[in-house]
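Have a look at my_file_30.cif; it's mmCIF, C-alpha atoms:
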```
data_input
loop_
_atom_site.group_PDB
_atom_site.id
_atom_site.type_symbol
_atom_site.label_atom_id
_atom_site.label_comp_id
_atom_site.auth_asym_id
_atom_site.auth_seq_id
_atom_site.Cartn_x
_atom_site.Cartn_y
_atom_site.Cartn_z
ATOM 1 C CA MET W 4 107.950 100.839 82.810
ATOM 2 C CA ASN W 5 104.604 102.629 82.746
ATOM 3 C CA ALA W 6 101.724 103.283 85.105
ATOM 4 C CA GLY W 7 99.466 100.247 85.094
ATOM 5 C CA ASP W 8 102.287 97.743 84.662
ATOM 6 C CA SER W 9 102.959 94.970 87.181
ATOM 7 C CA ILE W 10 106.420 93.964 88.377
ATOM 8 C CA HIS W 11 107.894 91.548 90.914
ATOM 9 C CA PHE W 12 110.279 92.894 93.528
ATOM 10 C CA GLY W 13 111.269 91.514 96.934
ATOM 11 C CA ARG W 14 109.829 88.428 98.626
ATOM 12 C CA PHE W 15 107.371 87.827 101.459
ATOM 13 C CA ARG W 16 105.317 84.976 102.879
ATOM 14 C CA GLN W 17 102.201 84.448 100.798
ATOM 15 C CA GLY W 18 100.970 80.987 101.801
ATOM 16 C CA ASP W 19 99.446 79.919 105.102
ATOM 17 C CA ARG W 20 101.488 76.772 105.748
ATOM 18 C CA GLY W 21 104.553 78.398 107.282
ATOM 19 C CA ARG W 22 106.968 76.760 104.844
ATOM 20 C CA ASP W 23 109.916 78.280 103.018
ATOM 21 C CA ARG W 24 108.247 77.670 99.672
ATOM 22 C CA ASP W 25 105.410 79.976 100.762
ATOM 23 C CA ILE W 26 107.864 82.894 100.582
ATOM 24 C CA LYS W 27 107.407 84.191 97.057
ATOM 25 C CA ALA W 28 108.087 87.282 94.960
ATOM 26 C CA ILE W 29 105.809 90.225 95.763
ATOM 27 C CA GLU W 30 103.770 91.523 92.847
ATOM 28 C CA TRP W 31 103.504 95.315 92.642
ATOM 29 C CA LEU W 32 101.288 97.632 90.635
ATOM 30 C CA VAL W 33 103.027 100.643 89.072
ATOM 31 C CA LEU W 34 101.053 103.785 89.957
ATOM 32 C CA ASP W 35 103.342 106.505 88.604
ATOM 33 C CA VAL W 36 106.700 106.929 86.863
ATOM 34 C CA ARG W 37 108.663 110.181 87.071
ATOM 35 C CA ASP W 38 112.150 111.542 87.731
ATOM 36 C CA GLY W 39 113.725 108.132 87.258
ATOM 37 C CA GLN W 40 111.544 106.495 89.905
ATOM 38 C CA ALA W 41 108.387 104.382 89.943
ATOM 39 C CA LEU W 42 105.715 104.505 92.614
ATOM 40 C CA LEU W 43 104.672 100.952 93.471
ATOM 41 C CA ILE W 44 101.901 99.508 95.624
ATOM 42 C CA ALA W 45 101.551 95.844 96.546
ATOM 43 C CA LYS W 46 98.907 94.309 94.318
ATOM 44 C CA GLN W 47 97.479 92.260 97.201
ATOM 45 C CA GLY W 48 97.013 92.733 100.918
ATOM 46 C CA ILE W 49 100.199 91.096 102.189
ATOM 47 C CA ASP W 50 99.467 90.922 105.918
ATOM 48 C CA VAL W 51 96.967 91.921 108.596
ATOM 49 C CA LYS W 52 98.181 94.494 111.122
ATOM 50 C CA TRP W 53 96.846 97.057 113.553
ATOM 51 C CA PHE W 54 97.493 100.645 112.516
ATOM 52 C CA HIS W 55 98.775 101.172 116.052
ATOM 53 C CA LYS W 56 99.508 98.856 118.957
ATOM 54 C CA SER W 57 96.948 100.517 121.240
ATOM 55 C CA SER W 58 93.671 102.384 120.841
ATOM 56 C CA ARG W 59 95.024 105.875 121.359
ATOM 57 C CA SER W 60 95.430 109.062 119.350
ATOM 58 C CA VAL W 61 98.231 108.695 116.798
ATOM 59 C CA THR W 62 99.254 110.007 113.399
ATOM 60 C CA TRP W 63 101.057 108.278 110.546
ATOM 61 C CA GLU W 64 104.299 109.635 112.008
ATOM 62 C CA THR W 65 103.835 107.899 115.353
ATOM 63 C CA CYS W 66 101.910 104.716 114.466
ATOM 64 C CA THR W 67 103.550 101.331 114.946
ATOM 65 C CA LEU W 68 102.474 100.159 111.488
ATOM 66 C CA ARG W 69 104.937 102.691 110.108
ATOM 67 C CA THR W 70 107.730 102.502 112.674
ATOM 68 C CA ARG W 71 107.806 98.816 113.581
ATOM 69 C CA PHE W 72 106.383 96.916 110.641
ATOM 70 C CA LEU W 73 106.734 98.710 107.306
ATOM 71 C CA ASN W 74 110.079 100.411 107.959
ATOM 72 C CA GLY W 75 111.287 97.704 110.308
ATOM 73 C CA TYR W 76 110.330 94.055 109.969
ATOM 74 C CA PHE W 77 108.896 94.201 106.449
ATOM 75 C CA LEU W 78 111.717 96.283 104.982
ATOM 76 C CA ASP W 79 114.351 93.975 106.472
ATOM 77 C CA MET W 80 112.616 90.692 105.671
ATOM 78 C CA ALA W 81 111.230 91.361 102.202
ATOM 79 C CA PHE W 82 114.271 92.923 100.522
ATOM 80 C CA ARG W 83 117.886 91.932 100.158
ATOM 81 C CA PRO W 84 120.503 94.656 100.861
ATOM 82 C CA ALA W 85 120.918 95.425 97.139
ATOM 83 C CA GLU W 86 117.143 95.742 96.776
ATOM 84 C CA ARG W 87 116.881 98.056 99.778
ATOM 85 C CA LYS W 88 119.369 100.374 98.103
ATOM 86 C CA ARG W 89 116.999 100.722 95.144
ATOM 87 C CA ILE W 90 114.154 101.888 97.394
ATOM 88 C CA ALA W 91 114.228 105.675 97.637
ATOM 89 C CA MET W 92 113.947 107.482 100.954
ATOM 90 C CA SER W 93 110.834 109.567 100.301
ATOM 91 C CA THR W 94 109.167 112.537 101.908
ATOM 92 C CA VAL W 95 105.763 111.150 102.851
ATOM 93 C CA THR W 96 103.413 114.088 103.209
ATOM 94 C CA ALA W 97 100.948 114.448 106.061
ATOM 95 C CA ASP W 98 97.968 114.796 103.735
ATOM 96 C CA PRO W 99 94.823 116.049 105.507
ATOM 97 C CA ASN W 100 91.583 114.106 105.310
ATOM 98 C CA PRO W 101 89.573 115.551 102.378
ATOM 99 C CA LYS W 102 86.302 115.151 104.293
ATOM 100 C CA ILE W 103 87.134 115.536 108.000
ATOM 101 C CA GLU W 104 89.255 118.074 109.871
ATOM 102 C CA THR W 105 91.620 115.832 111.814
ATOM 103 C CA ASP W 106 95.255 116.583 112.605
ATOM 104 C CA PRO W 107 97.342 114.645 110.041
ATOM 105 C CA GLY W 108 100.604 115.105 111.962
ATOM 106 C CA ARG W 109 103.908 115.881 110.267
ATOM 107 C CA ASP W 110 105.641 114.766 107.091
ATOM 108 C CA THR W 111 107.958 111.782 107.476
ATOM 109 C CA GLN W 112 110.950 110.296 105.712
ATOM 110 C CA ASP W 113 110.232 106.686 104.815
ATOM 111 C CA LYS W 114 111.282 103.947 102.468
ATOM 112 C CA VAL W 115 107.963 102.112 102.795
ATOM 113 C CA PHE W 116 104.625 103.779 103.471
ATOM 114 C CA LEU W 117 100.857 103.641 102.923
ATOM 115 C CA LEU W 118 98.928 105.706 100.428
ATOM 116 C CA SER W 119 96.916 108.629 101.755
ATOM 117 C CA ALA W 120 93.214 109.052 100.980
ATOM 118 C CA ARG W 121 94.144 111.787 98.498
ATOM 119 C CA GLU W 122 96.591 109.466 96.715
ATOM 120 C CA ALA W 123 94.044 106.641 96.665
ATOM 121 C CA GLU W 124 91.696 109.046 94.889
ATOM 122 C CA LEU W 125 94.422 110.206 92.506
ATOM 123 C CA TYR W 126 96.015 106.936 91.465
ATOM 124 C CA PHE W 127 92.917 104.730 91.172
ATOM 125 C CA SER W 128 90.351 105.914 88.653
ATOM 126 C CA SER W 129 87.454 103.874 90.045
ATOM 127 C CA ASN W 130 86.286 101.984 93.098
ATOM 128 C CA ARG W 131 86.742 98.737 91.203
ATOM 129 C CA LYS W 132 90.423 99.445 90.670
ATOM 130 C CA ARG W 133 90.859 100.116 94.401
ATOM 131 C CA GLN W 134 89.482 96.695 95.320
ATOM 132 C CA CYS W 135 92.070 94.435 96.902
ATOM 133 C CA TYR W 136 92.454 90.678 97.349
ATOM 134 C CA PRO W 137 94.512 89.302 100.244
ATOM 135 C CA THR W 138 97.215 86.676 99.945
ATOM 136 C CA SER W 139 96.586 83.285 101.538
ATOM 137 C CA TYR W 140 98.903 84.381 104.317
ATOM 138 C CA ALA W 141 96.790 87.478 104.989
ATOM 139 C CA TRP W 142 93.676 85.262 104.992
ATOM 140 C CA SER W 143 95.285 83.080 107.633
ATOM 141 C CA ARG W 144 96.009 86.202 109.680
ATOM 142 C CA GLY W 145 92.325 87.187 109.755
ATOM 143 C CA ALA W 146 91.757 89.487 106.770
ATOM 144 C CA ASN W 147 88.492 91.415 107.119
ATOM 145 C CA SER W 148 86.182 90.426 104.278
ATOM 146 C CA TRP W 149 82.859 91.601 105.652
ATOM 147 C CA GLY W 150 80.831 94.504 104.331
ATOM 148 C CA PRO W 151 80.602 97.669 106.474
ATOM 149 C CA TYR W 152 77.492 96.417 108.271
ATOM 150 C CA HIS W 153 78.430 92.719 108.119
ATOM 151 C CA GLU W 154 75.729 92.251 105.509
ATOM 152 C CA THR W 155 77.997 90.715 102.856
ATOM 153 C CA TYR W 156 81.045 88.472 102.710
ATOM 154 C CA SER W 157 83.645 88.622 99.953
ATOM 155 C CA ASP W 158 86.967 87.251 98.783
ATOM 156 C CA ARG W 159 88.244 90.852 98.860
ATOM 157 C CA CYS W 160 89.583 92.706 101.899
ATOM 158 C CA TRP W 161 89.700 96.090 103.617
ATOM 159 C CA TRP W 162 93.067 97.906 103.531
ATOM 160 C CA TRP W 163 94.592 100.784 105.492
ATOM 161 C CA LEU W 164 95.429 104.297 104.340
ATOM 162 C CA ARG W 165 97.723 106.625 106.310
ATOM 163 C CA THR W 166 95.145 109.439 106.567
ATOM 164 C CA PRO W 167 93.467 110.007 109.958
ATOM 165 C CA GLY W 168 89.742 109.316 110.199
ATOM 166 C CA TRP W 169 86.992 110.658 112.466
ATOM 167 C CA SER W 170 89.660 111.432 115.054
ATOM 168 C CA ASN W 171 93.269 110.448 115.613
ATOM 169 C CA LYS W 172 92.009 107.223 117.148
ATOM 170 C CA TYR W 173 90.828 106.238 113.665
ATOM 171 C CA ALA W 174 92.629 105.725 110.355
ATOM 172 C CA ALA W 175 91.032 105.851 106.922
ATOM 173 C CA GLY W 176 90.857 102.810 104.689
ATOM 174 C CA VAL W 177 89.367 101.203 101.595
ATOM 175 C CA ASP W 178 86.469 98.768 101.899
ATOM 176 C CA LEU W 179 85.574 95.601 99.981
ATOM 177 C CA ASP W 180 83.952 97.511 97.144
ATOM 178 C CA GLY W 181 86.833 99.952 96.744
ATOM 179 C CA ASN W 182 85.121 102.860 98.520
ATOM 180 C CA ILE W 183 87.392 105.125 100.514
ATOM 181 C CA ARG W 184 86.147 105.104 104.099
ATOM 182 C CA TYR W 185 87.209 108.581 105.213
ATOM 183 C CA GLY W 186 85.927 108.089 108.764
ATOM 184 C CA GLY W 187 88.081 105.016 109.002
ATOM 185 C CA ASP W 188 88.424 102.261 111.560
ATOM 186 C CA ASN W 189 89.818 102.259 115.089
ATOM 187 C CA VAL W 190 93.620 102.252 114.873
ATOM 188 C CA ARG W 191 93.571 98.940 116.746
ATOM 189 C CA GLY W 192 90.842 97.571 114.479
ATOM 190 C CA ASN W 193 91.215 93.930 113.534
ATOM 191 C CA GLY W 194 91.378 92.452 110.065
ATOM 192 C CA ASN W 195 92.545 95.375 107.928
ATOM 193 C CA CYS W 196 95.183 94.432 105.382
ATOM 194 C CA VAL W 197 98.422 96.221 104.561
ATOM 195 C CA ARG W 198 99.306 97.270 101.012
ATOM 196 C CA PRO W 199 102.838 98.701 101.226
ATOM 197 C CA ALA W 200 103.894 101.413 98.807
ATOM 198 C CA LEU W 201 107.374 102.631 97.858
ATOM 199 C CA TRP W 202 109.329 104.634 95.287
ATOM 200 C CA LEU W 203 111.731 102.399 93.330
ATOM 201 C CA ARG W 204 114.820 103.867 91.661
ATOM 202 C CA LEU W 205 114.971 102.846 88.008
ATOM 203 C CA GLU W 206 118.516 104.017 87.239
#
```
Full structure transcribed into C-alpha coordinates:
Amino acid sequence: MNAGDSIHFGRFRQGDRGRDRDIKAIEWLVLDVRDGQALLIAKQGIDVKWFHKSSRSVTWETCTLRTRFLNGYFLDMAFRPAERKRIAMSTVTADPNPKIETDPGRDTQDKVFLLSAREAELYFSSNRKRQCYPTSYAWSRGANSWGPYHETYSDRCWWWLRTPGWSNKYAAGVDLDGNIRYGGDNVRGNGNCVRPALWLRLE
(Lines of atoms letter the chains of each structure in order from A and count residues from 1; the text may use other names and numbers.)
(Lines give C-alpha, C1' and ligand atoms only; values in the text may rest on other atoms or scores of the structure.)
Protein backbone atom coordinates (compact mmCIF):
# COMPACT_ATOMS: atom_id res chain seq x y z
CA MET A 1 0.00 0.00 0.00
CA ASN A 2 1.33 3.42 -0.96
CA ALA A 3 0.28 7.04 -0.63
CA GLY A 4 -2.15 7.82 -3.42
CA ASP A 5 -3.75 4.38 -3.45
CA SER A 6 -7.46 3.85 -2.82
CA ILE A 7 -8.89 1.08 -0.65
CA HIS A 8 -12.31 0.01 0.61
CA PHE A 9 -12.82 -0.43 4.33
CA GLY A 10 -16.00 -0.36 6.43
CA ARG A 11 -19.51 0.42 5.19
CA PHE A 12 -21.82 3.43 5.42
CA ARG A 13 -25.00 4.70 3.79
CA GLN A 14 -24.21 6.26 0.43
CA GLY A 15 -27.57 6.45 -1.34
CA ASP A 16 -30.51 8.69 -0.52
CA ARG A 17 -33.31 6.11 -0.59
CA GLY A 18 -32.90 4.76 2.94
CA ARG A 19 -32.58 1.15 1.80
CA ASP A 20 -30.17 -1.52 2.98
CA ARG A 21 -28.60 -1.72 -0.47
CA ASP A 22 -27.57 1.94 -0.12
CA ILE A 23 -25.11 0.87 2.59
CA LYS A 24 -21.91 0.27 0.67
CA ALA A 25 -18.16 -0.04 1.22
CA ILE A 26 -16.44 3.26 2.01
CA GLU A 27 -13.67 4.24 -0.37
CA TRP A 28 -10.59 5.76 1.28
CA LEU A 29 -7.60 7.63 -0.08
CA VAL A 30 -4.22 6.62 1.37
CA LEU A 31 -2.38 9.77 2.48
CA ASP A 32 0.65 8.29 4.22
CA VAL A 33 2.18 4.92 5.12
CA ARG A 34 4.64 4.54 7.99
CA ASP A 35 5.40 2.38 11.03
CA GLY A 36 3.09 -0.36 9.83
CA GLN A 37 0.09 1.95 9.56
CA ALA A 38 -1.68 3.85 6.78
CA LEU A 39 -3.34 7.22 7.16
CA LEU A 40 -6.68 7.16 5.34
CA ILE A 41 -9.24 9.84 4.52
CA ALA A 42 -12.68 9.18 3.07
CA LYS A 43 -12.57 9.93 -0.64
CA GLN A 44 -16.01 11.56 -0.55
CA GLY A 45 -17.98 13.65 1.91
CA ILE A 46 -19.95 10.91 3.66
CA ASP A 47 -22.44 12.99 5.64
CA VAL A 48 -23.41 16.55 6.57
CA LYS A 49 -22.95 17.50 10.22
CA TRP A 50 -22.51 20.54 12.41
CA PHE A 51 -19.04 20.87 13.91
CA HIS A 52 -20.80 21.45 17.22
CA LYS A 53 -24.40 21.19 18.37
CA SER A 54 -24.61 24.87 19.34
CA SER A 55 -23.01 28.12 18.23
CA ARG A 56 -20.57 28.47 21.10
CA SER A 57 -16.81 28.46 21.61
CA VAL A 58 -15.42 24.93 21.26
CA THR A 59 -12.24 23.16 20.23
CA TRP A 60 -11.75 19.85 18.44
CA GLU A 61 -11.50 18.23 21.88
CA THR A 62 -14.96 19.36 22.96
CA CYS A 63 -16.95 19.45 19.69
CA THR A 64 -19.84 17.05 19.18
CA LEU A 65 -18.63 16.11 15.70
CA ARG A 66 -15.71 14.40 17.42
CA THR A 67 -17.38 13.05 20.56
CA ARG A 68 -20.82 12.02 19.32
CA PHE A 69 -20.50 11.32 15.62
CA LEU A 70 -17.01 10.30 14.51
CA ASN A 71 -15.99 8.39 17.64
CA GLY A 72 -19.53 7.36 18.48
CA TYR A 73 -22.19 6.70 15.87
CA PHE A 74 -19.92 6.51 12.82
CA LEU A 75 -17.30 4.30 14.45
CA ASP A 76 -19.95 1.87 15.71
CA MET A 77 -22.06 1.80 12.55
CA ALA A 78 -19.41 1.78 9.83
CA PHE A 79 -17.05 -0.89 11.17
CA ARG A 80 -17.48 -4.42 12.40
CA PRO A 81 -15.72 -5.33 15.69
CA ALA A 82 -12.78 -6.93 13.84
CA GLU A 83 -12.42 -3.81 11.70
CA ARG A 84 -12.50 -1.52 14.73
CA LYS A 85 -9.57 -3.45 16.16
CA ARG A 86 -7.52 -2.55 13.07
CA ILE A 87 -8.11 1.17 13.61
CA ALA A 88 -5.30 2.58 15.74
CA MET A 89 -5.97 4.84 18.71
CA SER A 90 -4.04 7.93 17.64
CA THR A 91 -2.78 11.06 19.31
CA VAL A 92 -4.55 13.79 17.37
CA THR A 93 -2.56 16.97 17.83
CA ALA A 94 -4.14 20.33 18.55
CA ASP A 95 -2.50 22.00 15.56
CA PRO A 96 -2.73 25.81 15.66
CA ASN A 97 -4.22 27.74 12.76
CA PRO A 98 -1.33 28.74 10.46
CA LYS A 99 -2.94 32.12 9.74
CA ILE A 100 -4.93 33.08 12.85
CA GLU A 101 -4.05 33.00 16.54
CA THR A 102 -6.94 31.00 17.98
CA ASP A 103 -6.74 28.56 20.88
CA PRO A 104 -6.58 25.06 19.33
CA GLY A 105 -7.32 23.28 22.62
CA ARG A 106 -5.56 20.10 23.70
CA ASP A 107 -4.39 16.94 21.97
CA THR A 108 -6.88 14.08 21.97
CA GLN A 109 -6.85 10.32 21.67
CA ASP A 110 -9.12 9.24 18.84
CA LYS A 111 -9.76 6.41 16.46
CA VAL A 112 -11.50 8.65 13.93
CA PHE A 113 -10.72 12.33 13.40
CA LEU A 114 -10.61 15.21 10.91
CA LEU A 115 -7.50 16.55 9.25
CA SER A 116 -6.11 19.83 10.52
CA ALA A 117 -5.41 22.77 8.20
CA ARG A 118 -1.69 21.96 8.46
CA GLU A 119 -2.31 18.34 7.43
CA ALA A 120 -4.57 19.43 4.56
CA GLU A 121 -1.65 21.53 3.32
CA LEU A 122 0.83 18.69 3.82
CA TYR A 123 -1.02 15.75 2.33
CA PHE A 124 -2.66 17.42 -0.68
CA SER A 125 -0.24 18.97 -3.15
CA SER A 126 -2.79 21.22 -4.85
CA ASN A 127 -6.21 22.77 -4.43
CA ARG A 128 -7.54 20.43 -7.09
CA LYS A 129 -6.54 17.39 -5.07
CA ARG A 130 -8.34 18.80 -2.01
CA GLN A 131 -11.62 19.09 -3.90
CA CYS A 132 -14.30 16.75 -2.59
CA TYR A 133 -17.49 15.26 -4.00
CA PRO A 134 -20.31 14.22 -1.66
CA THR A 135 -22.09 10.89 -1.72
CA SER A 136 -25.75 10.84 -2.74
CA TYR A 137 -26.56 10.44 0.94
CA ALA A 138 -24.63 13.60 1.81
CA TRP A 139 -26.46 15.41 -1.02
CA SER A 140 -29.76 14.36 0.50
CA ARG A 141 -28.58 15.72 3.84
CA GLY A 142 -27.97 19.19 2.38
CA ALA A 143 -24.33 19.27 1.26
CA ASN A 144 -23.15 22.85 0.69
CA SER A 145 -22.21 23.26 -2.96
CA TRP A 146 -22.26 27.03 -3.26
CA GLY A 147 -19.23 29.23 -3.77
CA PRO A 148 -18.11 31.45 -0.85
CA TYR A 149 -20.31 34.34 -2.00
CA HIS A 150 -23.07 32.15 -3.48
CA GLU A 151 -21.89 33.17 -6.92
CA THR A 152 -21.35 29.63 -8.23
CA TYR A 153 -22.92 26.21 -7.81
CA SER A 154 -21.00 22.95 -8.14
CA ASP A 155 -21.23 19.19 -7.80
CA ARG A 156 -18.43 19.46 -5.21
CA CYS A 157 -18.84 20.26 -1.52
CA TRP A 158 -17.28 22.09 1.42
CA TRP A 159 -15.70 19.90 4.13
CA TRP A 160 -14.63 20.47 7.73
CA LEU A 161 -11.15 20.57 9.22
CA ARG A 162 -10.49 20.30 12.97
CA THR A 163 -8.54 23.58 13.16
CA PRO A 164 -10.27 26.59 14.79
CA GLY A 165 -11.07 29.55 12.56
CA TRP A 166 -11.53 33.27 13.24
CA SER A 167 -12.46 32.38 16.82
CA ASN A 168 -13.46 29.23 18.66
CA LYS A 169 -16.98 29.75 17.34
CA TYR A 170 -15.61 28.95 13.88
CA ALA A 171 -13.88 25.90 12.41
CA ALA A 172 -11.69 25.87 9.32
CA GLY A 173 -12.67 24.00 6.19
CA VAL A 174 -12.03 23.39 2.50
CA ASP A 175 -14.21 25.06 -0.12
CA LEU A 176 -15.51 23.88 -3.50
CA ASP A 177 -12.30 24.76 -5.30
CA GLY A 178 -10.06 23.07 -2.74
CA ASN A 179 -8.95 26.29 -1.02
CA ILE A 180 -8.36 26.02 2.70
CA ARG A 181 -10.66 28.53 4.39
CA TYR A 182 -8.61 29.36 7.49
CA GLY A 183 -11.25 31.71 8.89
CA GLY A 184 -13.73 28.89 8.66
CA ASP A 185 -17.47 28.66 9.14
CA ASN A 186 -19.63 28.94 12.24
CA VAL A 187 -19.38 25.67 14.18
CA ARG A 188 -23.14 25.28 13.70
CA GLY A 189 -22.87 26.13 10.01
CA ASN A 190 -25.11 24.11 7.73
CA GLY A 191 -24.09 22.02 4.76
CA ASN A 192 -20.44 21.22 5.47
CA CYS A 193 -19.50 17.63 4.74
CA VAL A 194 -17.49 15.23 6.88
CA ARG A 195 -14.43 13.41 5.54
CA PRO A 196 -13.34 11.06 8.34
CA ALA A 197 -9.68 10.17 8.70
CA LEU A 198 -8.03 7.31 10.59
CA TRP A 199 -4.80 5.34 10.97
CA LEU A 200 -5.24 1.72 9.85
CA ARG A 201 -2.96 -1.02 11.18
CA LEU A 202 -1.47 -3.01 8.31
CA GLU A 203 0.04 -5.87 10.34
Please list as a tab-separated table (two decimals) with C-alpha atoms, in the frame of the given file every residue within 12 Å of Ser128 (chain W), counting all atoms listed in the file and excluding residues in the same chain fewer than 6 positions away.
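And here is the file that came out, selection34.tsv:
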```tsv
chain	number	residue	atom	x	y	z
W	7	GLY	CA	99.47	100.25	85.09
W	34	LEU	CA	101.05	103.78	89.96
W	122	GLU	CA	96.59	109.47	96.72
W	134	GLN	CA	89.48	96.70	95.32
W	181	GLY	CA	86.83	99.95	96.74
W	182	ASN	CA	85.12	102.86	98.52
```
Test item: the PyMOL selection byres ((chain W and resi 118) around 7) resolved as JSON, numbers by chain: {"W": [116, 117, 119, 120, 122, 123, 164, 165, 200]}
Residue members of the PyMOL selection byres ((chain W and resi 195) around 12) in the file shown, as a PDB file with C-alpha atoms, in the coordinates of the input:
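The result, stored in out-v1.pdb:
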```pdb
ATOM      1  CA  GLY W  48      97.013  92.733 100.918  1.00  0.00           C
ATOM      2  CA  ILE W  49     100.199  91.096 102.189  1.00  0.00           C
ATOM      3  CA  ASP W  50      99.467  90.922 105.918  1.00  0.00           C
ATOM      4  CA  VAL W  51      96.967  91.921 108.596  1.00  0.00           C
ATOM      5  CA  LYS W  52      98.181  94.494 111.122  1.00  0.00           C
ATOM      6  CA  TRP W  53      96.846  97.057 113.553  1.00  0.00           C
ATOM      7  CA  PHE W  54      97.493 100.645 112.516  1.00  0.00           C
ATOM      8  CA  HIS W  55      98.775 101.172 116.052  1.00  0.00           C
ATOM      9  CA  LEU W  68     102.474 100.159 111.488  1.00  0.00           C
ATOM     10  CA  CYS W 135      92.070  94.435  96.902  1.00  0.00           C
ATOM     11  CA  TYR W 136      92.454  90.678  97.349  1.00  0.00           C
ATOM     12  CA  PRO W 137      94.512  89.302 100.244  1.00  0.00           C
ATOM     13  CA  ALA W 141      96.790  87.478 104.989  1.00  0.00           C
ATOM     14  CA  TRP W 142      93.676  85.262 104.992  1.00  0.00           C
ATOM     15  CA  ARG W 144      96.009  86.202 109.680  1.00  0.00           C
ATOM     16  CA  GLY W 145      92.325  87.187 109.755  1.00  0.00           C
ATOM     17  CA  ALA W 146      91.757  89.487 106.770  1.00  0.00           C
ATOM     18  CA  ASN W 147      88.492  91.415 107.119  1.00  0.00           C
ATOM     19  CA  SER W 148      86.182  90.426 104.278  1.00  0.00           C
ATOM     20  CA  TRP W 149      82.859  91.601 105.652  1.00  0.00           C
ATOM     21  CA  ARG W 159      88.244  90.852  98.860  1.00  0.00           C
ATOM     22  CA  CYS W 160      89.583  92.706 101.899  1.00  0.00           C
ATOM     23  CA  TRP W 161      89.700  96.090 103.617  1.00  0.00           C
ATOM     24  CA  TRP W 162      93.067  97.906 103.531  1.00  0.00           C
ATOM     25  CA  TRP W 163      94.592 100.784 105.492  1.00  0.00           C
ATOM     26  CA  LEU W 164      95.429 104.297 104.340  1.00  0.00           C
ATOM     27  CA  ALA W 174      92.629 105.725 110.355  1.00  0.00           C
ATOM     28  CA  ALA W 175      91.032 105.851 106.922  1.00  0.00           C
ATOM     29  CA  GLY W 176      90.857 102.810 104.689  1.00  0.00           C
ATOM     30  CA  VAL W 177      89.367 101.203 101.595  1.00  0.00           C
ATOM     31  CA  ASP W 178      86.469  98.768 101.899  1.00  0.00           C
ATOM     32  CA  LEU W 179      85.574  95.601  99.981  1.00  0.00           C
ATOM     33  CA  GLY W 187      88.081 105.016 109.002  1.00  0.00           C
ATOM     34  CA  ASP W 188      88.424 102.261 111.560  1.00  0.00           C
ATOM     35  CA  ASN W 189      89.818 102.259 115.089  1.00  0.00           C
ATOM     36  CA  VAL W 190      93.620 102.252 114.873  1.00  0.00           C
ATOM     37  CA  ARG W 191      93.571  98.940 116.746  1.00  0.00           C
ATOM     38  CA  GLY W 192      90.842  97.571 114.479  1.00  0.00           C
ATOM     39  CA  ASN W 193      91.215  93.930 113.534  1.00  0.00           C
ATOM     40  CA  GLY W 194      91.378  92.452 110.065  1.00  0.00           C
ATOM     41  CA  CYS W 196      95.183  94.432 105.382  1.00  0.00           C
ATOM     42  CA  VAL W 197      98.422  96.221 104.561  1.00  0.00           C
ATOM     43  CA  ARG W 198      99.306  97.270 101.012  1.00  0.00           C
TER      44      ARG W 198
END
```
Best match for closeness to Arg184 (chain W) among W:Glu206, W:Phe82, W:Thr138, W:Lys102, counting all atoms listed in the file: W:Lys102
So that all listed atoms of region 34-53 of chain W fit with 5 Å spare on each side, what axis-aligned box centre and edge lengths in Å, to one decimal, would you give as JSON?
```
{"center_x": 105.3, "center_y": 101.2, "center_z": 100.2, "size_x": 26.9, "size_y": 30.6, "size_z": 36.7}
```
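Every protein or nucleic acid residue with an atom no more than 10 Å from Leu32 (chain W), counting all atoms listed in the file and leaving out same-chain residues fewer than 3 positions away, appears here: W:Asn5, W:Ala6, W:Gly7, W:Asp8, W:Ser9, W:Ile10, W:His11, W:Asp35, W:Ala41, W:Leu42, W:Leu43, W:Ile44, W:Ala45, W:Lys46, W:Gln47, W:Ala200.
Residue nearest Pro84 (chain W), chosen from W:Leu203, W:Pro167, W:Glu30, W:Gly13 and counting all atoms listed in the file: W:Gly13.
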Residue with smallest distance to Ala91 (chain W) - pool W:Lys172, W:Arg16, W:Lys56, W:Lys114, counting all atoms listed in the file: W:Lys114
Atomic separation - CA of Gly186 (chain W) relative to CA of Thr94 (chain W), Å: 24.6 Å
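Distance annotation: of W:Phe12, W:Phe77, W:Trp63, W:Phe72, the residue with the minimal separation from Thr166 (chain W) is W:Trp63; atom set is all atoms listed in the file.
The smallest atom-to-atom distance between Leu73 (chain W) and any of W:Trp169, W:Tyr185, W:Pro199, W:Arg133, using all atoms listed in the file, is found for W:Pro199.
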Interatomic distance (Å, one decimal) between CA of Val33 (chain W) and CA of Leu205 (chain W):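 We find that CA of Val33 (chain W) and CA of Leu205 (chain W) lie 12.2 Å from each other.
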Distance of CA of Gly168 (chain W) from CA of Leu78 (chain W), expressed in Å to one decimal place: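 Distance between the two atoms: 26.1 Å.
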Among the residues W:Asp25, W:Asp19, W:Asp38, W:Glu64, the one that comes closest to Asp113 (chain W) [using only C-alpha atoms]: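 Nearest candidate to Asp113 (chain W) out of W:Asp25, W:Asp19, W:Asp38, W:Glu64: W:Glu64.
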